[in-house]
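Student: Just target_27.txt, nothing more (compact mmCIF, C-alpha atoms):
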```txt
# COMPACT_ATOMS: atom_id res chain seq x y z
CA MET A 185 -20.29 -13.49 12.55
CA THR A 186 -19.09 -11.31 9.67
CA ASP A 187 -15.54 -11.46 8.33
CA PRO A 188 -13.43 -8.49 9.51
CA VAL A 189 -11.71 -8.32 6.11
CA LEU A 190 -13.58 -9.09 2.90
CA LEU A 191 -11.55 -10.61 0.06
CA SER A 192 -12.91 -10.04 -3.41
CA ALA A 193 -12.54 -12.65 -6.10
CA ASP A 194 -9.33 -11.73 -7.93
CA ARG A 195 -10.01 -10.05 -11.27
CA GLY A 196 -7.18 -9.93 -13.78
CA GLY A 197 -4.61 -10.36 -11.02
CA VAL A 198 -6.15 -7.61 -8.85
CA ARG A 199 -7.19 -8.46 -5.28
CA THR A 200 -9.35 -6.15 -3.16
CA LEU A 201 -9.24 -6.19 0.64
CA THR A 202 -12.17 -4.41 2.29
CA LEU A 203 -12.10 -3.46 5.97
CA ASN A 204 -15.49 -4.67 7.16
CA ARG A 205 -16.64 -2.92 10.34
CA PRO A 206 -18.91 -0.29 8.77
CA HIS A 207 -20.88 0.22 12.00
CA ARG A 208 -17.64 1.67 13.48
CA LYS A 209 -16.47 3.38 10.27
CA ASN A 210 -14.06 0.44 9.96
CA ALA A 211 -12.21 1.25 13.18
CA ILE A 212 -9.68 -1.53 13.67
CA ASP A 213 -10.16 -3.85 16.63
CA PRO A 214 -7.76 -6.67 17.62
CA GLU A 215 -9.50 -9.20 15.37
CA LEU A 216 -9.28 -6.89 12.36
CA TRP A 217 -5.57 -6.19 12.94
CA VAL A 218 -4.82 -9.92 12.82
CA ALA A 219 -7.12 -10.59 9.87
CA LEU A 220 -5.59 -7.73 7.88
CA ARG A 221 -2.06 -8.95 8.57
CA ASP A 222 -3.00 -12.45 7.46
CA ALA A 223 -4.71 -11.16 4.31
CA LEU A 224 -1.69 -9.07 3.35
CA ASP A 225 0.69 -11.96 4.01
CA ALA A 226 -1.47 -14.25 1.86
CA ALA A 227 -1.52 -11.72 -0.98
CA GLY A 228 2.26 -11.45 -0.84
CA ARG A 229 2.64 -15.23 -1.15
CA ASP A 230 0.14 -15.62 -4.00
CA ARG A 231 1.95 -15.22 -7.32
CA GLY A 232 -1.39 -14.76 -9.04
CA VAL A 233 -1.86 -11.40 -7.32
CA ARG A 234 -0.41 -8.59 -9.44
CA ALA A 235 -1.96 -5.55 -7.69
CA LEU A 236 -3.91 -4.95 -4.49
CA VAL A 237 -6.67 -2.51 -3.52
CA LEU A 238 -7.29 -1.61 0.12
CA THR A 239 -10.63 0.02 0.93
CA GLY A 240 -13.39 0.19 3.54
CA ALA A 241 -17.01 -0.90 3.68
CA GLY A 242 -20.01 1.35 4.16
CA GLY A 243 -18.67 4.60 2.74
CA SER A 244 -15.71 5.09 5.09
CA PHE A 245 -12.09 4.05 4.67
CA CYS A 246 -10.97 3.69 8.29
CA SER A 247 -11.49 5.74 11.45
CA GLY A 248 -8.32 4.40 13.08
CA ALA A 249 -7.82 1.97 15.93
CA ASP A 250 -10.98 1.16 17.88
CA ILE A 251 -10.13 2.43 21.36
CA SER A 252 -13.60 1.49 22.64
CA VAL A 253 -12.76 -2.24 22.52
CA ARG A 254 -11.32 -3.77 25.69
CA ASP A 255 -7.95 -5.36 25.04
CA ASP A 256 -6.09 -6.80 28.03
CA VAL A 257 -2.85 -7.82 26.34
CA HIS A 258 0.44 -6.08 27.09
CA PRO A 259 0.89 -2.77 25.18
CA ARG A 260 3.96 -4.28 23.54
CA ASP A 261 1.75 -6.98 21.99
CA LYS A 262 -0.83 -4.41 20.90
CA LEU A 263 1.83 -2.43 19.07
CA GLN A 264 3.26 -5.59 17.53
CA ARG A 265 -0.06 -6.09 15.74
CA LEU A 266 0.31 -2.62 14.21
CA THR A 267 3.94 -3.26 13.31
CA ASP A 268 3.02 -6.53 11.59
CA VAL A 269 0.36 -4.83 9.45
CA ALA A 270 2.50 -1.82 8.56
CA LEU A 271 5.45 -3.97 7.49
CA ALA A 272 3.29 -6.47 5.60
CA LEU A 273 1.79 -3.60 3.59
CA HIS A 274 5.10 -1.77 3.09
CA GLU A 275 6.96 -4.90 1.96
CA LEU A 276 4.19 -6.33 -0.22
CA PRO A 277 5.89 -6.97 -3.57
CA VAL A 278 2.90 -5.86 -5.68
CA PRO A 279 1.63 -2.30 -6.25
CA THR A 280 -1.00 -1.25 -3.71
CA VAL A 281 -3.79 1.30 -4.08
CA ALA A 282 -5.81 2.83 -1.24
CA LYS A 283 -9.36 3.63 -2.36
CA VAL A 284 -10.46 6.20 0.21
CA THR A 285 -14.07 7.20 0.67
CA GLY A 286 -15.25 9.04 3.76
CA VAL A 287 -12.87 9.33 6.69
CA ALA A 288 -9.24 8.22 7.00
CA VAL A 289 -8.19 8.96 10.57
CA GLY A 290 -5.14 8.17 12.69
CA ALA A 291 -3.86 4.68 11.97
CA GLY A 292 -6.48 4.54 9.23
CA TRP A 293 -4.88 7.44 7.41
CA ASN A 294 -1.42 5.95 7.84
CA LEU A 295 -2.78 2.68 6.47
CA ALA A 296 -3.73 4.58 3.31
CA LEU A 297 -0.36 6.36 3.20
CA GLY A 298 1.34 2.99 3.46
CA CYS A 299 -0.11 2.11 0.06
CA ASP A 300 1.82 3.05 -3.07
CA LEU A 301 -0.98 5.17 -4.52
CA VAL A 302 -4.03 6.85 -2.96
CA VAL A 303 -7.31 7.60 -4.72
CA ALA A 304 -9.86 9.68 -2.81
CA THR A 305 -13.17 11.41 -3.43
CA PRO A 306 -13.83 15.15 -2.90
CA GLU A 307 -15.77 14.25 0.25
CA SER A 308 -12.88 12.32 1.86
CA THR A 309 -11.37 13.78 5.02
CA PHE A 310 -8.08 13.03 6.76
CA CYS A 311 -6.73 13.53 10.28
CA GLN A 312 -3.66 12.48 12.29
CA ILE A 313 -5.84 12.39 15.39
CA PHE A 314 -3.29 10.85 17.76
CA SER A 315 -2.50 13.93 19.88
CA LYS A 316 -6.21 14.45 20.58
CA ARG A 317 -6.21 10.99 22.14
CA GLY A 318 -3.10 11.60 24.21
CA LEU A 319 -1.07 9.41 21.87
CA SER A 320 1.91 9.82 19.58
CA ILE A 321 1.83 8.96 15.92
CA ASP A 322 2.00 5.27 14.92
CA LEU A 323 1.52 2.73 12.10
CA GLY A 324 4.55 4.16 10.31
CA GLY A 325 3.29 7.74 10.21
CA SER A 326 6.51 9.13 11.67
CA TRP A 327 8.39 7.62 8.70
CA LEU A 328 5.79 8.21 5.99
CA LEU A 329 4.66 11.78 6.63
CA PRO A 330 8.04 13.59 6.56
CA ARG A 331 8.99 11.78 3.35
CA LEU A 332 5.75 12.79 1.67
CA VAL A 333 5.23 16.36 2.86
CA GLY A 334 8.51 17.46 4.49
CA LEU A 335 9.28 17.78 8.19
CA GLN A 336 7.47 21.05 8.90
CA GLN A 337 4.14 20.05 7.37
CA ALA A 338 4.42 16.62 8.99
CA LYS A 339 4.78 18.31 12.38
CA ARG A 340 1.81 20.54 11.66
CA LEU A 341 -0.43 17.59 10.78
CA ALA A 342 0.74 15.41 13.68
CA LEU A 343 0.98 18.02 16.45
CA LEU A 344 -2.24 19.93 15.71
CA ALA A 345 -4.29 16.94 14.57
CA GLU A 346 -6.19 19.12 12.11
CA THR A 347 -8.75 17.58 9.79
CA ILE A 348 -8.05 18.35 6.15
CA GLY A 349 -10.04 17.73 3.00
CA ALA A 350 -9.13 15.78 -0.11
CA ALA A 351 -8.11 18.87 -2.07
CA GLU A 352 -5.55 19.94 0.54
CA ALA A 353 -4.34 16.37 0.97
CA HIS A 354 -3.78 16.26 -2.80
CA ASP A 355 -1.90 19.58 -2.72
CA LEU A 356 0.34 18.15 0.02
CA ASN A 357 1.08 15.00 -2.04
CA LEU A 358 -0.81 12.82 0.42
CA VAL A 359 -3.41 11.84 -2.17
CA THR A 360 -2.46 10.85 -5.70
CA TRP A 361 -5.83 11.49 -7.36
CA VAL A 362 -9.17 13.00 -6.32
CA VAL A 363 -12.00 11.43 -8.30
CA PRO A 364 -15.78 12.04 -8.12
CA SER A 365 -17.54 9.46 -5.96
CA ALA A 366 -19.53 8.11 -8.89
CA GLU A 367 -16.34 7.48 -10.85
CA ILE A 368 -13.92 6.13 -8.24
CA ASP A 369 -14.72 2.43 -8.74
CA ALA A 370 -14.14 2.62 -12.50
CA PHE A 371 -11.03 4.75 -12.01
CA VAL A 372 -9.44 2.29 -9.56
CA GLU A 373 -10.39 -0.66 -11.77
CA ASP A 374 -8.64 0.94 -14.75
CA LEU A 375 -5.62 1.95 -12.65
CA THR A 376 -5.09 -1.46 -11.08
CA GLY A 377 -5.65 -3.15 -14.42
CA ARG A 378 -2.74 -1.18 -15.83
CA LEU A 379 -0.59 -2.01 -12.82
CA ALA A 380 -1.46 -5.70 -13.00
CA ALA A 381 -0.49 -5.74 -16.67
CA GLY A 382 3.02 -4.49 -15.85
CA PRO A 383 6.16 -6.65 -15.47
CA PRO A 384 5.74 -8.14 -11.97
CA VAL A 385 9.41 -8.68 -11.14
CA ALA A 386 10.45 -5.24 -12.37
CA LEU A 387 7.59 -3.48 -10.57
CA ALA A 388 8.36 -5.30 -7.32
CA GLN A 389 12.00 -4.24 -7.52
CA THR A 390 11.16 -0.66 -8.49
CA LYS A 391 8.80 -0.39 -5.51
CA ALA A 392 11.47 -1.73 -3.14
CA LEU A 393 14.15 0.56 -4.59
CA LEU A 394 11.96 3.64 -4.17
CA ASN A 395 11.00 2.68 -0.63
CA GLU A 396 14.61 2.11 0.34
CA GLY A 397 16.06 5.03 -1.59
CA ALA A 398 15.13 7.66 0.96
CA ASP A 399 17.56 6.09 3.44
CA ARG A 400 20.44 5.42 1.05
CA THR A 401 23.33 7.36 -0.40
CA MET A 402 23.50 7.80 -4.15
CA ARG A 403 26.24 5.13 -4.24
CA ASP A 404 24.00 2.68 -2.35
CA ALA A 405 21.05 3.46 -4.61
CA LEU A 406 23.06 2.89 -7.79
CA ALA A 407 24.38 -0.43 -6.50
CA ASN A 408 20.87 -1.56 -5.57
CA GLU A 409 19.52 -0.47 -8.96
CA ALA A 410 22.24 -2.45 -10.75
CA ARG A 411 21.47 -5.60 -8.77
CA ALA A 412 17.76 -5.23 -9.49
CA GLN A 413 18.30 -4.65 -13.20
CA ILE A 414 20.35 -7.84 -13.49
CA VAL A 415 17.40 -9.77 -12.07
CA ASN A 416 15.08 -8.12 -14.61
CA PHE A 417 17.33 -9.21 -17.48
CA ALA A 418 16.98 -12.80 -16.25
CA THR A 419 13.21 -12.75 -16.92
CA VAL A 420 11.34 -13.16 -20.18
CA ASP A 421 9.76 -9.72 -19.72
CA VAL A 422 12.70 -7.71 -21.06
CA PRO A 423 12.96 -9.46 -24.45
CA ALA A 424 9.16 -9.50 -24.62
CA ALA A 425 9.08 -5.73 -24.15
CA TYR A 426 11.84 -5.17 -26.70
CA ALA A 427 10.05 -7.35 -29.25
CA ALA A 428 6.74 -5.59 -28.63
CA PHE A 429 8.40 -2.21 -29.10
CA ALA A 430 9.92 -3.31 -32.41
CA GLU A 431 6.57 -4.68 -33.55
CA ARG A 432 4.61 -1.64 -32.31
CA ARG A 433 2.29 -3.58 -30.02
CA GLU A 434 1.66 -3.85 -26.28
CA PRO A 435 3.83 -6.43 -24.44
CA SER A 436 2.46 -9.24 -22.29
CA PHE A 437 4.38 -9.61 -19.01
CA THR A 438 4.62 -12.78 -16.91
CA GLY A 439 7.74 -12.35 -14.76
CA GLN A 440 8.92 -15.84 -15.68
CA TRP A 441 12.58 -16.82 -15.41
CA ALA A 442 14.27 -16.70 -18.80
CA LEU A 443 16.56 -19.71 -18.41
CA LYS A 444 15.37 -23.02 -19.76
CA LYS A 445 15.46 -26.11 -17.56
CA SER A 446 18.39 -27.53 -19.50
CA GLU A 447 20.38 -24.36 -18.87
CA GLN A 448 19.47 -24.27 -15.16
CA SER A 449 20.76 -27.83 -14.58
CA GLU A 450 24.16 -27.26 -16.16
```
For the file at hand, write its structure as structure tokens.
Tutor:
Amino acid sequence: MTDPVLLSADRGGVRTLTLNRPHRKNAIDPELWVALRDALDAAGRDRGVRALVLTGAGGSFCSGADISVRDDVHPRDKLQRLTDVALALHELPVPTVAKVTGVAVGAGWNLALGCDLVVATPESTFCQIFSKRGLSIDLGGSWLLPRLVGLQQAKRLALLAETIGAAEAHDLNLVTWVVPSAEIDAFVEDLTGRLAAGPPVALAQTKALLNEGADRTMRDALANEARAQIVNFATVDVPAAYAAFAERREPSFTGQWALKKSEQSE
């Protein structure tokens, strides 16, 4: 039996999770929902992980939830699986990159949108297919889409369930970069390498601040930013960055706490 989620060996702090049901264009069945949640939770707990790539096997990203699979649990429990995955991805403290080849449909597209950055190929296609299945939007799409494209375009995509190409998705700010298929692996490797080299504590806090900022007043945002910055100043990364700037070299970030043991015990 094949693993529903493939975990690559971490390279330079970068972990890749690959949805592994290529015979169904990586449509997500109950087993894959649970495996993906567990893999995301494990990545969040592993301090060696500095960036994460989410992709699909066999030339497709994800064709959504697999509605062909019999699942006799209560609908509440089915939706809890989706909620667990969406929150695990959204709250992951490291930068996440969706590497999209082929189709990203329904929950599969919202899985990509739940990542911090999206890299696609010119051949990639996207669809909020829910209404064609008699369903309403899920996996966080009702929160993500309006924040990315505005309310009117979000309604267009969700109500009409149109399929759009990578170029239009890029124009709508739903794809960060469109890269030729032959170059996407190298592009994502370079991108995640740069993310993994960043200050882990500061990046985690910046990600959380940006995610939360859409629902906060300016006063709330400033207070949250101040609290986060105080935490940053308690790491070794800030003086390391200042020293590197003065010496005209690249800094090396670790996220370690700046206080020495003797100071912590006082």
Student: Show which residues sit within 9 Å of segment 326-337 of chain A, as a ChimeraX atom specification. Count all atoms listed in the file, and ignore same-chain residues fewer than 3 positions away.
Tutor: /A:294,297-298,321-323,340-342,356-358,398
Student: Ranking A:Leu266, A:Ala282, A:Leu201, A:Ala425 by minimum distance to Val372 of chain A and counting only C-alpha atoms, which one comes first?
Tutor: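 Using only C-alpha atoms, the shortest distance to Val372 of chain A belongs to A:Ala282.
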Student: Rank A:Gly318, A:Gly248, A:Pro306, A:Pro279 by their smallest atom-to-atom distance to Ala353 of chain A, using all atoms listed in the file, and report the top residue only.
Tutor: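 Selected residue with least distance to Ala353 of chain A: A:Pro306.
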Student: Go through A:Lys339, A:His354, A:Arg317, A:Lys262 and flag the residue nearest Ala304 of chain A, using all atoms listed in the file for the distances.
Tutor: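 The shortest atom-to-atom distance to Ala304 of chain A comes from A:His354.
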Student: Determine the nearest neighbour of Ile313 of chain A from the options A:Glu396, A:Val278, A:Ala388, A:Ala249, counting all atoms listed in the file.
Tutor: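 Counting all atoms listed in the file, the residue closest to Ile313 of chain A is A:Ala249.
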Student: Around all the atoms of segment 431-434 of chain A listed in the file, with 4 Å of room on each side, what axis-aligned box do you get, giving centre and edge lengths in Å to one decimal, as AutoDock Vina command-line options?
Tutor:
```
--center_x 4.1 --center_y -3.2 --center_z -29.9 --size_x 12.9 --size_y 11.0 --size_z 15.3
```
Student: Neighbourhood query: residues within 7 Å of (-11.7, 2.0, 6.3), file coordinates, counting only C-alpha atoms; return as a ChimeraX atom specification.
Tutor: /A:203,209-211,239-241,244-247,288,292
Student: Excluding Asp268 of chain A and its own-chain neighbours fewer than 6 positions away, which residues fall within 12 Å of it when counting only C-alpha atoms? Please give them as a list in words.
Tutor: Trp217, Val218, Ala219, Leu220, Arg221, Asp222, Ala223, Leu224, Asp225, Asp261, Lys262, His274, Glu275, Leu276, Leu323 and Gly324 of chain A
Student: Within 6 Å of (-20.7, 0.4, 4.6) (coordinates as in the file), grab all the protein and nucleic acid residues, counting all atoms listed in the file, and write them out as a list in words.
Tutor: Pro206, Ala241, Gly242 and Gly243 of chain A
Student: Please determine, counting only C-alpha atoms, which residue among A:Thr360, A:Thr305, A:Thr376, A:Ser365 has the shortest atom-to-atom distance to Arg195 of chain A.
Tutor: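 Of A:Thr360, A:Thr305, A:Thr376, A:Ser365, the one nearest Arg195 of chain A, counting only C-alpha atoms, is A:Thr376.
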Student: With only C-alpha atoms as the atoms that count, which of A:Leu443, A:Asp230, A:Ser436, A:Lys283 lies nearest to Val415 of chain A?
Tutor: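 When distances to Val415 of chain A are compared using only C-alpha atoms, the smallest one comes from A:Leu443.
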Student: Please compute the atom CA of Val289 of chain A-atom CA of Leu263 of chain A distance, one decimal, in Å.
Tutor: 17.4 Å
Student: So what do you get for atom CA of Asn416 of chain A versus atom CA of Val385 of chain A, distance-wise?
Tutor: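 Distance between the two atoms: 6.7 Å.
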Student: Tell me, in Å to one decimal, how far atom CA of Ala424 of chain A is from atom CA of Arg199 of chain A.
Tutor: 25.3 Å
Student: Might you pull out every residue within 12 Å of Pro423 of chain A, with only C-alpha atoms counted and same-chain residues fewer than 3 positions away left off, and present them as a PyMOL selection string?
Tutor: chain A and resi 383+416-420+426-430+435-442
Student: Excluding same-chain residues fewer than 6 positions from Glu307 of chain A, what lies within 9 Å of it counting all atoms listed in the file, as a list in words?
Tutor: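 That gives Thr285, Gly286, Val287, Gly349, Ala350, Pro364 and Ser365 of chain A.
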Student: Now that the selection is made, can you save its residues with C-alpha atoms as a compact mmCIF listing (two decimals), in the frame of the given file?
Tutor:
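Once everything was written out, this is again_9.txt:
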```txt
# COMPACT_ATOMS: atom_id res chain seq x y z
CA THR A 285 -14.07 7.20 0.67
CA GLY A 286 -15.25 9.04 3.76
CA VAL A 287 -12.87 9.33 6.69
CA GLY A 349 -10.04 17.73 3.00
CA ALA A 350 -9.13 15.78 -0.11
CA PRO A 364 -15.78 12.04 -8.12
CA SER A 365 -17.54 9.46 -5.96
```
Student: Have segment 245-256 of chain A completed to all heavy atoms, please, and pass it along as an mmCIF file, keeping the file's coordinate frame.
Tutor:
```
data_model
loop_
_atom_site.group_PDB
_atom_site.id
_atom_site.type_symbol
_atom_site.label_atom_id
_atom_site.label_comp_id
_atom_site.auth_asym_id
_atom_site.auth_seq_id
_atom_site.Cartn_x
_atom_site.Cartn_y
_atom_site.Cartn_z
ATOM 1 N N PHE A 245 -13.317 4.843 4.824
ATOM 2 C CA PHE A 245 -12.090 4.050 4.670
ATOM 3 C C PHE A 245 -11.739 3.417 6.006
ATOM 4 O O PHE A 245 -11.870 2.212 6.191
ATOM 5 C CB PHE A 245 -10.948 4.922 4.150
ATOM 6 C CG PHE A 245 -9.681 4.148 3.929
ATOM 7 C CD1 PHE A 245 -9.555 3.311 2.836
ATOM 8 C CD2 PHE A 245 -8.610 4.245 4.812
ATOM 9 C CE1 PHE A 245 -8.389 2.556 2.623
ATOM 10 C CE2 PHE A 245 -7.447 3.516 4.618
ATOM 11 C CZ PHE A 245 -7.334 2.671 3.517
ATOM 12 N N CYS A 246 -11.326 4.231 6.980
ATOM 13 C CA CYS A 246 -10.970 3.690 8.290
ATOM 14 C C CYS A 246 -10.841 4.829 9.286
ATOM 15 O O CYS A 246 -10.121 5.797 9.040
ATOM 16 C CB CYS A 246 -9.669 2.899 8.216
ATOM 17 S SG CYS A 246 -9.124 2.228 9.804
ATOM 18 N N SER A 247 -11.528 4.694 10.417
ATOM 19 C CA SER A 247 -11.490 5.740 11.450
ATOM 20 C C SER A 247 -10.412 5.490 12.489
ATOM 21 O O SER A 247 -10.445 6.080 13.574
ATOM 22 C CB SER A 247 -12.863 5.854 12.119
ATOM 23 O OG SER A 247 -13.260 4.623 12.690
ATOM 24 N N GLY A 248 -9.450 4.621 12.180
ATOM 25 C CA GLY A 248 -8.320 4.400 13.080
ATOM 26 C C GLY A 248 -8.512 3.182 13.960
ATOM 27 O O GLY A 248 -9.378 2.343 13.721
ATOM 28 N N ALA A 249 -7.695 3.081 14.988
ATOM 29 C CA ALA A 249 -7.820 1.970 15.930
ATOM 30 C C ALA A 249 -9.055 2.175 16.798
ATOM 31 O O ALA A 249 -9.373 3.297 17.191
ATOM 32 C CB ALA A 249 -6.570 1.884 16.801
ATOM 33 N N ASP A 250 -9.753 1.086 17.072
ATOM 34 C CA ASP A 250 -10.980 1.160 17.880
ATOM 35 C C ASP A 250 -10.608 1.152 19.357
ATOM 36 O O ASP A 250 -10.403 0.091 19.952
ATOM 37 C CB ASP A 250 -11.906 0.000 17.534
ATOM 38 C CG ASP A 250 -13.311 0.211 18.079
ATOM 39 O OD1 ASP A 250 -13.472 1.029 19.006
ATOM 40 O OD2 ASP A 250 -14.243 -0.438 17.567
ATOM 41 N N ILE A 251 -10.536 2.335 19.951
ATOM 42 C CA ILE A 251 -10.130 2.430 21.360
ATOM 43 C C ILE A 251 -11.265 2.101 22.315
ATOM 44 O O ILE A 251 -11.063 2.060 23.530
ATOM 45 C CB ILE A 251 -9.570 3.839 21.674
ATOM 46 C CG1 ILE A 251 -10.631 4.907 21.415
ATOM 47 C CG2 ILE A 251 -8.322 4.121 20.842
ATOM 48 C CD1 ILE A 251 -10.192 6.310 21.816
ATOM 49 N N SER A 252 -12.469 1.851 21.773
ATOM 50 C CA SER A 252 -13.600 1.490 22.640
ATOM 51 C C SER A 252 -13.602 0.014 22.995
ATOM 52 O O SER A 252 -14.331 -0.407 23.887
ATOM 53 C CB SER A 252 -14.923 1.847 21.946
ATOM 54 O OG SER A 252 -15.186 0.975 20.853
ATOM 55 N N VAL A 253 -12.783 -0.788 22.298
ATOM 56 C CA VAL A 253 -12.760 -2.240 22.520
ATOM 57 C C VAL A 253 -11.766 -2.579 23.618
ATOM 58 O O VAL A 253 -10.605 -2.162 23.570
ATOM 59 C CB VAL A 253 -12.399 -2.973 21.218
ATOM 60 C CG1 VAL A 253 -12.261 -4.471 21.474
ATOM 61 C CG2 VAL A 253 -13.471 -2.723 20.158
ATOM 62 N N ARG A 254 -12.211 -3.335 24.606
ATOM 63 C CA ARG A 254 -11.320 -3.770 25.690
ATOM 64 C C ARG A 254 -10.280 -4.744 25.139
ATOM 65 O O ARG A 254 -10.602 -5.674 24.404
ATOM 66 C CB ARG A 254 -12.137 -4.442 26.793
ATOM 67 C CG ARG A 254 -11.314 -4.852 28.009
ATOM 68 C CD ARG A 254 -12.210 -5.526 29.040
ATOM 69 N NE ARG A 254 -11.443 -5.974 30.195
ATOM 70 C CZ ARG A 254 -11.188 -5.233 31.270
ATOM 71 N NH1 ARG A 254 -11.642 -3.991 31.328
ATOM 72 N NH2 ARG A 254 -10.492 -5.720 32.282
ATOM 73 N N ASP A 255 -9.042 -4.512 25.523
ATOM 74 C CA ASP A 255 -7.950 -5.360 25.040
ATOM 75 C C ASP A 255 -6.934 -5.469 26.171
ATOM 76 O O ASP A 255 -6.212 -4.518 26.477
ATOM 77 C CB ASP A 255 -7.315 -4.734 23.803
ATOM 78 C CG ASP A 255 -6.319 -5.668 23.126
ATOM 79 O OD1 ASP A 255 -6.195 -6.821 23.565
ATOM 80 O OD2 ASP A 255 -5.667 -5.237 22.164
ATOM 81 N N ASP A 256 -6.879 -6.638 26.805
ATOM 82 C CA ASP A 256 -6.090 -6.800 28.030
ATOM 83 C C ASP A 256 -4.667 -7.269 27.809
ATOM 84 O O ASP A 256 -3.959 -7.561 28.773
ATOM 85 C CB ASP A 256 -6.802 -7.789 28.971
ATOM 86 C CG ASP A 256 -8.126 -7.247 29.479
ATOM 87 O OD1 ASP A 256 -8.225 -6.019 29.654
ATOM 88 O OD2 ASP A 256 -9.058 -8.052 29.690
#
```
